[in-house]
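So the structure is just underneath, and the comments pick up after that.
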Amino acid sequence: MGLCNSKPSSNSSSPKSDLIRNKNTPVPANGTPIPAPSPLNAESQSNNNRTNVKGNDDAVIEGKKSPFFPFYSPSPAHYFFSKKSSPARSSANSTPNRFFKRPFPPPSPAKHIKAVLARRHGSVKPNEAAIPEGSEPEPAAGLNKSFGFSKHFANKYELGEEVGRGHFGYTCTAKFKKGELKGQQVAVKVIPKHKMTTAIAIEDVRREVKILRALTGHNNLVKFFDAYEDNDNVYVVMELCEGGELLDRILSRGGKYTEDDAKAVMIQILNVVAFCHLQGVVHRDLKPENFLFTTKDENSVLKAIDFGLSDFVRPDERLNDIVGSAYYVAPEVLHRSYSTEADVWSIGVIAYILLCGSRPFWARTESGIFRAVLKADPSFDEAPWPSLSSEARDFVKRLLNKDPRKRLTAAQALSHPWIKNSNDVKVPLDVIIFKLMKAYMRSSSLRKAALRALSKTLTVDELFYLKEQYALLEPNKNGTISLENVKSALMKNATDAMKDSRIPDFLSSVGPLTFMLNSLQYRRMDFEEFCAAALSVHQLEALDRWEQHARCAYELFEKDGNRAIVIEELASELGLGPAVPVHAVLHDWIRHTDGKLSFLGFVKLLHGVSSRALAKAQ
Ligand SMILES: Nc1ncnc2c1ncn2[C@@H]1O[C@H](COP(=O)(O)OP(=O)(O)OP(=O)(O)O)[C@@H](O)[C@H]1O
Ligand SMILES: [Ca+2]
Ligand SMILES: [Ca+2]
């Protein structure tokens, strides 16, 4: 492959062509207007209920018993000095100026978005938070707070000291009282029932336990043992992580990691998040506070915790409730139309913080942070960015792409040049492959030919990921795959969570377009075709070299696949309905000399049928 000299890099994500369906209310494909940057969410300064650590933005308040006491609390004098000095001494080579030109204050505990707290506690002040219509918190009366968990917590465990506290619960050590495990220590997250004042809050706890139970077993996910309840509390029993929160380690290092150390953290985060996504679980609250080290050792394993805001998401579904923590929230979450890509954004924020010690999006108020997330481009010009590797910068930028279709997936991020050569990297199966293959199988032969041409322009770096994915589908001896390979690869990785996220169903059905059963069942696909099927035009488009990719592909298409096409046929290829004045719109997409596709038409065809058009057609 790679007939052209251009050196593009990157890969897949489907034309979000896949059906866009909302969980609760339909949202236009492009998302709804921005909810937040209005007085609605203004001034959220005091909404942090964390009492264990650092309640305030950049300060560290009284103590949790963490050994990683965050001694790095920037002196306000730095800012004072920096502000005062910058205009006067703005010479570019003034070293002090460079030093004090920290773009934002260093990381600190993130607050949950107000809407999260509101929908859980039901105590919304008028205009305080944006809540999706039709999901107003219900009154506390008549709520069923029985979870069906075992009632024998007190018989089995003896609670010890508190080790952490969050908005919804507090965590203590505990010991097995008897039996083989007598004396062994565990962690118990205690969630008081009196705090569950809405049906949503109860449902969240139910789902938190369900998801933990289903996902436990991954090396970078806190091990779950069991859940109990009594009249007052729910008790979630887990392995005890004694190494403290990732946030505390970031702070204890003065906010900066070497590239190698940041990479080691990133690999573990991406591993567990790619695993969750394959299971159809979106975490929705990824932040350094929600990753714990198992031991105090420098090289300790990192574990994801706190699935309190997590949810199942079907491959063709968009979620629309605004949840998460403001500094880490993805733009499409604020637009109320999102899926697993939102977690990858949060990982991008964590990566940015690890590498430079500052937050990429910062403001004093919630609405200010939202505005920054939606509109601002994070700075890569300030120190230390220019001295970091170009791969590191590229990695972070591709996680922080505001368009979720152009963002890398977690599995793709593990294949990124910055990461892929590290030890311990094993690229996992990526669910986006199934979405893309599905869109490909539904495409016309003309679009397939266009995608094939594009796939021939992929570079070694881009092919690396596709090769890994193809290998995971375990092609047979003659190097081809069929629907059976796809199904069995999925089933091999399946946990109980997959049932709730309906990933296997997604493969074999879609109403009138029973795509794969009809097509892949009766034939096999080789690696070349797989590349055409599993590449993402949107992601390639995000690259600086996209134009080269596309031009090069068009040349190949001209030789091999281009043919005369009439406007009506092209219109139907692109799913344009009768309401669209096709002759006016598509005029430039067909070459007048020979009736074949022009470059513009070729690029349009690569993108395929728009999701809106597809939704209308069904
Ligand atoms: N398995 C564990 N081992 C050790 N400490 C833990 C464990 N699980 C949780 N903790 C500590 O308890 C804190 C609170 O737990 P968790 O984040 O699950 O609670 P929460 O109420 O959902 O928090 P939040 O306000 O972030 O939603 C964690 O930040 C961590 O410090
Ligand atoms: Ca937490
Ligand atoms: Ca939580």
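Please note that chains go A, B, ... in the order of the structure tokens, that every chain numbers its residues from 1, and that ligands are numbered from 1 in the order shown.
Inside stretch 201-275 of chain A, the residues DSSP reads as strand (DSSP E) when given the backbone are Phe224, Phe225, Asp226, Ala227, Tyr228, Glu229, Asn233, Val234, Tyr235, Val236, Val237 and Met238 of chain A.
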- Query: Once you count only C-alpha atoms and all ligand atoms, which residues end up within 10 Å of ligand 2, and could you hand them over as a list in words?
  - Reply: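 Listing the residues within 10 Å of ligand 2 gives Arg50, Pro109, Ala110, Lys111, His112, Gly164, Arg165, Gly166, His167, Phe168, Gly169, Tyr170, Glu245, Asp285, Leu286, Lys287, Pro288, Glu289, Asn290, Phe291, Ala304, Ile305, Asp306, Phe307, Gly308, Leu309 and Ser325 of chain A.
Proximity to A:Leu429 was assessed for A:Ser572, A:Ser415, A:Asn320, A:Thr198 counting only C-alpha atoms; the smallest distance is recorded for A:Ser415.
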- Item | DSSP-assigned helix (DSSP H, G or I) among stretch 188-313 of chain A, expressed as a PyMOL selection string | chain A and resi 193-195+199-215+246-252+259-278+288-290
- Atom pair atom CA of A:Phe602 / atom CA of A:Ala564: separation (Å):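 Taking atom CA of A:Phe602 and atom CA of A:Ala564, their separation equals 12.3 Å.
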